[in-house]
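K.L.:
Following this message is one structure expressed as structure tokens.
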Amino acid sequence: MTIAVSMPRMGESVVEGTVERWLVSEGDRVEKDQILCEVTTDKVDAEVPAPESGVVARILVAEGTTVKVGEELIQLDPQGEPAAAAASSPSTAAVATAGSASREAAPAEVPAARGEAAEPRVSPLARRIAEDQGVDLGGVAGTGPGGRVTRADVIAAAAAPPRPAAAPVAAAVGAAPAPGTLGEFLYQMKIPKAPLREGDKEIPFSAIRRRVAEHMVVSKIVSPHVGTVAELDLQRLVALRNKHKQSFAAANGFGLTFLPFIIAATVRGLKRFPRMNATVGDQVIIERAGIHVGVAVETERGLVVPVIRNAANLSLVGLAQAIEDLARRARDRQLSADDMQGGTFTVSNPGRQGNLYGFAVINQPQVGILRMGEIRKRPVVVERDGEDTIAIRPMMHLALSYDHRIIDGVTGNSFLYAVAKELEAAEFEL
Amino acid sequence: MEPYDLVVIGSGPGGYVAAIRGAQLGMKVAIVEEDRLGGVCLNWGCIPTKAILNSAEQFDAIRSGHVPGIHVEGLEPDYGAVIDASRKAADRLNKGVGSLMKKNKIDVVMGRGRVAAVGKVAVTSGKESHELTTRNILLATGSTELILPGVDVDGERVLTSREALESRRVPGTLIVVGAGAVGLEFAYSYSAYGSSVTVIEMAEQALPGFDAEVAKALTQSFKKRGIKILTKTAFRKLAHADEGVAVTVETSKGEETLEADQILFGVGRRALTADLGLETVGVALDGGFVKTGPDFRTSVDGIWAIGDVRGGPLLAHKASEEGVAAVEFMQNERTTSLAYGLIPACIYCQPQVASVGMHEAQARDAGYDVCVGKVPYLASGKAVGTGHTEGFVKLISESKYGEILGCQIIGANATELIAEVGTAMALESTVHEIAEASHAHPTLSELIKDAALAALGRSINF
């Protein structure tokens, strides 16, 4: 009796997904919740876990294949015995060399596979050029002494049209970058690749890592980032939070953090400066009607940015509950594609320690992102009864990255100043 | 006599090596030689000149007090003994080639070889003549000293390298025409044995075609030794004057006359194509050289040519490589021609000069993003320890991949050191691999590693 695992639902608008990479082979023993494969859609990247422990009976869908939500991907046999060797289907054979599971099992074999079996003999110069130009040496016929791949062979291969190779496998062994990937993008940019040296550890990109990497590069190129920082005295805010901490936890079942306050202040700022809640169209600025705030959350699997929809309609408690809900679902991998879409502005809270301040990369197609620094007590000059005096205050730096294509300094600074003043004033209903 | 697979005309470093390669590939081979086995290289070129240069170096070192702890009273040059030793070296190698022929079962046919027809080589020795029948004829007749019009080489006052190699006399004053390899090597040897030497060169620098920095360093070094090199100075005419010669030269300032006891011409070489029967079968020439394709075929099927007679750099090792390659083409053992960019050129005076591949200016002209790793001999412990601090290594690479484009070395043992870079280039190594490779300390070869490190911006000793 086997269990079928199907393409999961990843949100209302997602009807199909592409099996990016199999992490298991036929005959492998898998544990409950072990990731079977990575799936990509046009909206979201996901991983498909095993619903039960068992042995992989059959892989039904080859890598690179797009199937409808609900279609069967793989069959597991809960009572099966692991096979000694992987089956002979091409996709699973490919996984055996490229999949992270097999790498972890036999890391010592990886260099040997690169140097000897998988590749012909290659001159050092040819190897450097191949690495730089993304030429798959496995597919190059050598014309040098003893069939050695020479400079001329690699240059000829680089000039030839790319072979329709299995993209994920090729990417995993550092070969020809697939069209539309970060690798291809870097190749186009003629950025030299770092050659792999002995003892180096090669960690293949997960689907989520790839998505993040591409997004960061694209954002940095698309948007001329400008950074500006405000220094905030959070004495009132800290006092407000401390005052409500216990009753809040008792009423809601989770702790009250600073993040909902930051988001609430941000929403107020965005209302006053709609230019910050915008996107850049084709020769137009689109100021968004709704305020949907993305919250950057780092999970085990990587960085995700779920969105608090219509944040302007939520009270502080509502915001706190929304954040808690998203964070919990992110940890439990329950976020859907819909949860990640439609943000108009993003707040990033990368953790407190060792983080005075830093500038986040804008989450496209938005035009601004706020990044929280650590809260730390500092001596500051304050005015008391008309006289300057030194006081100890909980201070925080709040850094804004904005897109200079449509936001100029005054707007950017004014928005940040407004948010900062809201937080310092700490007038929030709890 | 059964027909041969291959008859080689000329037993120089091209011909005898080709003959051996043919024998290795199972061909029945004969080699025809008019004079002495080994050709010019072994008898009248590379080998005897190196014997002379070795003595010159030793004599120079002791005389100039460059070797600490050796002090010689009454040091006397005996140039006659130097010439004798050089002849002995040539004889020894000449016999060596004879035994190599025997070992490889190659028939040595003494006499003048001519192409009688396609597949026929006529050999004349004195009054006797006979014909060899063969599938392939390989022309490896080489070249001889070029003699300028109006110059009467008498072996007394007027010489070429050929005469100089048998002349036991060291002239008091000597004019050398041509600052190429031949001219500079003789200028150095004679100067070491006490001649006052002036070299005239038509081009803008000594060593025309070489790296300008190397040429400059060599010119300065020669100047310190008392050898004058006059560049942009053209030989015009020659007359006898008293016991010696009066040489009219033309400089940018006009004509002037230089006098000396002897004049030595090192102005180039011409291919030996005359009286070879080439016109009878219609072998085409090109600018005085036998015209060949990249596979060493001439315009006539079954007739091939290698070495100086087909032109290109007139170098013994280039001829040897071509000999091997031509025979491999004959036997369908080869599909690609030689990598001419990897043929080194060496000059054996002191300081020695060696070059392989492109020099800096050539690499820039070729459009490379050039990276020069330059290290002086002073940076080498071995060089300092042995008193050979003159010179430098220039390793020319391309910036992106570290592809090695060439190397020029001036200094002690340059001609030996260059082989490492040539090998690295043949293996398509980059500066990274040379920089990674451990080089024994203390050796001069560390300079190559340091030059590679310098190219990567992390030279250790400089």
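Residue numbering restarts at 1 in every chain; chains get A, B, ... in the order shown in the structure tokens, and ligands count up from 1 in that same order.
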Contacts from chain A to chain B, 9 Å maximum, only C-alpha atoms: show me the residue list as a PyMOL selection string.
P.N.:
chain A and resi 123-126+128-129+132+150-151+192
K.L.:
Create the file for the chosen residues now, containing all heavy atoms and written as a JSON list (two decimals), in the first residue's frame.
P.N.:
[["chain", "number", "residue", "atom", "x", "y", "z"],
["A", 123, "SER", "N", 42.87, 21.77, -19.04],
["A", 123, "SER", "CA", 44.02, 22.60, -18.72],
["A", 123, "SER", "C", 43.60, 23.66, -17.71],
["A", 123, "SER", "O", 42.43, 24.05, -17.66],
["A", 123, "SER", "CB", 44.60, 23.27, -19.97],
["A", 123, "SER", "OG", 43.94, 24.48, -20.25],
["A", 124, "PRO", "N", 44.55, 24.11, -16.88],
["A", 124, "PRO", "CA", 44.18, 25.11, -15.86],
["A", 124, "PRO", "C", 43.54, 26.35, -16.47],
["A", 124, "PRO", "O", 42.58, 26.89, -15.93],
["A", 124, "PRO", "CB", 45.52, 25.44, -15.20],
["A", 124, "PRO", "CG", 46.36, 24.23, -15.42],
["A", 124, "PRO", "CD", 45.95, 23.70, -16.76],
["A", 125, "LEU", "N", 44.08, 26.79, -17.58],
["A", 125, "LEU", "CA", 43.51, 28.00, -18.22],
["A", 125, "LEU", "C", 42.10, 27.72, -18.71],
["A", 125, "LEU", "O", 41.20, 28.52, -18.52],
["A", 125, "LEU", "CB", 44.42, 28.44, -19.37],
["A", 125, "LEU", "CG", 43.94, 29.65, -20.16],
["A", 125, "LEU", "CD1", 43.80, 30.87, -19.26],
["A", 125, "LEU", "CD2", 44.91, 29.95, -21.30],
["A", 126, "ALA", "N", 41.92, 26.55, -19.33],
["A", 126, "ALA", "CA", 40.59, 26.19, -19.83],
["A", 126, "ALA", "C", 39.59, 26.15, -18.69],
["A", 126, "ALA", "O", 38.46, 26.59, -18.81],
["A", 126, "ALA", "CB", 40.66, 24.84, -20.54],
["A", 128, "ARG", "N", 39.68, 27.84, -15.85],
["A", 128, "ARG", "CA", 39.36, 29.19, -15.40],
["A", 128, "ARG", "C", 38.37, 29.86, -16.35],
["A", 128, "ARG", "O", 37.42, 30.52, -15.92],
["A", 128, "ARG", "CB", 40.63, 30.05, -15.34],
["A", 128, "ARG", "CG", 41.37, 29.84, -14.06],
["A", 128, "ARG", "CD", 42.64, 30.63, -13.97],
["A", 128, "ARG", "NE", 43.39, 30.11, -12.84],
["A", 128, "ARG", "CZ", 43.14, 30.45, -11.58],
["A", 128, "ARG", "NH1", 42.21, 31.33, -11.31],
["A", 128, "ARG", "NH2", 43.82, 29.91, -10.61],
["A", 129, "ILE", "N", 38.60, 29.69, -17.63],
["A", 129, "ILE", "CA", 37.71, 30.33, -18.60],
["A", 129, "ILE", "C", 36.32, 29.70, -18.50],
["A", 129, "ILE", "O", 35.30, 30.39, -18.51],
["A", 129, "ILE", "CB", 38.28, 30.22, -20.03],
["A", 129, "ILE", "CG1", 39.61, 30.99, -20.11],
["A", 129, "ILE", "CG2", 37.29, 30.77, -21.05],
["A", 129, "ILE", "CD1", 40.36, 30.81, -21.39],
["A", 132, "ASP", "N", 34.50, 30.97, -15.52],
["A", 132, "ASP", "CA", 34.08, 32.35, -15.72],
["A", 132, "ASP", "C", 32.90, 32.45, -16.68],
["A", 132, "ASP", "O", 31.97, 33.21, -16.46],
["A", 132, "ASP", "CB", 35.26, 33.16, -16.25],
["A", 132, "ASP", "CG", 34.87, 34.58, -16.59],
["A", 132, "ASP", "OD1", 34.41, 35.27, -15.68],
["A", 132, "ASP", "OD2", 35.01, 34.98, -17.76],
["A", 150, "THR", "N", 41.29, 22.11, -23.93],
["A", 150, "THR", "CA", 42.17, 23.26, -23.99],
["A", 150, "THR", "C", 41.36, 24.55, -24.01],
["A", 150, "THR", "O", 40.14, 24.53, -24.12],
["A", 150, "THR", "CB", 43.04, 23.23, -25.26],
["A", 150, "THR", "OG1", 42.17, 23.36, -26.39],
["A", 150, "THR", "CG2", 43.82, 21.94, -25.36],
["A", 151, "ARG", "N", 42.09, 25.65, -23.93],
["A", 151, "ARG", "CA", 41.51, 26.98, -24.02],
["A", 151, "ARG", "C", 40.62, 27.09, -25.25],
["A", 151, "ARG", "O", 39.49, 27.57, -25.17],
["A", 151, "ARG", "CB", 42.68, 27.96, -24.10],
["A", 151, "ARG", "CG", 42.36, 29.37, -24.38],
["A", 151, "ARG", "CD", 43.70, 30.10, -24.58],
["A", 151, "ARG", "NE", 43.50, 31.54, -24.63],
["A", 151, "ARG", "CZ", 43.12, 32.20, -25.71],
["A", 151, "ARG", "NH1", 42.89, 31.53, -26.81],
["A", 151, "ARG", "NH2", 42.96, 33.49, -25.67],
["A", 192, "PRO", "N", 33.55, 37.59, -12.62],
["A", 192, "PRO", "CA", 34.31, 36.34, -12.55],
["A", 192, "PRO", "C", 33.83, 35.49, -11.39],
["A", 192, "PRO", "O", 33.53, 36.01, -10.32],
["A", 192, "PRO", "CB", 35.75, 36.80, -12.34],
["A", 192, "PRO", "CG", 35.66, 38.22, -11.89],
["A", 192, "PRO", "CD", 34.36, 38.78, -12.36]]
K.L.:
Can you list every residue in range 52-257 of chain B that DSSP puts in helix (DSSP H, G or I), as an NGL selection string?
P.N.:
:B and (52-63 or 79-103 or 161-164 or 181-192 or 212-224)
K.L.:
Could you go through range 196-287 of chain B and tell me which residues DSSP, when run on the backbone, assigns to strand (DSSP E), listing them as an MDAnalysis selection string?
P.N.:
chainID B and resid 196:200 228:230 234:241 244:251 254:260 262:265 269:271 285:286
K.L.:
Would you pick out the contacts of Thr273 in chain B at 10 Å or less, using only C-alpha atoms, so that residues sharing its chain but fewer than 2 positions from it are not included, and give the list as a ChimeraX atom specification?
P.N.:
/B:139-143,270-271,275-279,285,288-290,309-310
K.L.:
With a distance cut-off of 12 Å and only C-alpha atoms, select the neighbouring residues of Gly22 in chain B, excluding the residue or stretch itself and same-chain residues fewer than 2 positions from it, and output the selection as a PyMOL selection string.
P.N.:
chain B and resi 4-8+15-20+24-31+101+104-106+136-138+323-333
K.L.:
Using only C-alpha atoms, which protein or nucleic acid residues come within 8 Å of Ile147 in chain B? Drop anything in the same chain fewer than 5 positions from it, and give the result as a list of chain:residue names.
P.N.:
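Everything that qualifies: B:Val153, B:Phe265, B:Val267.
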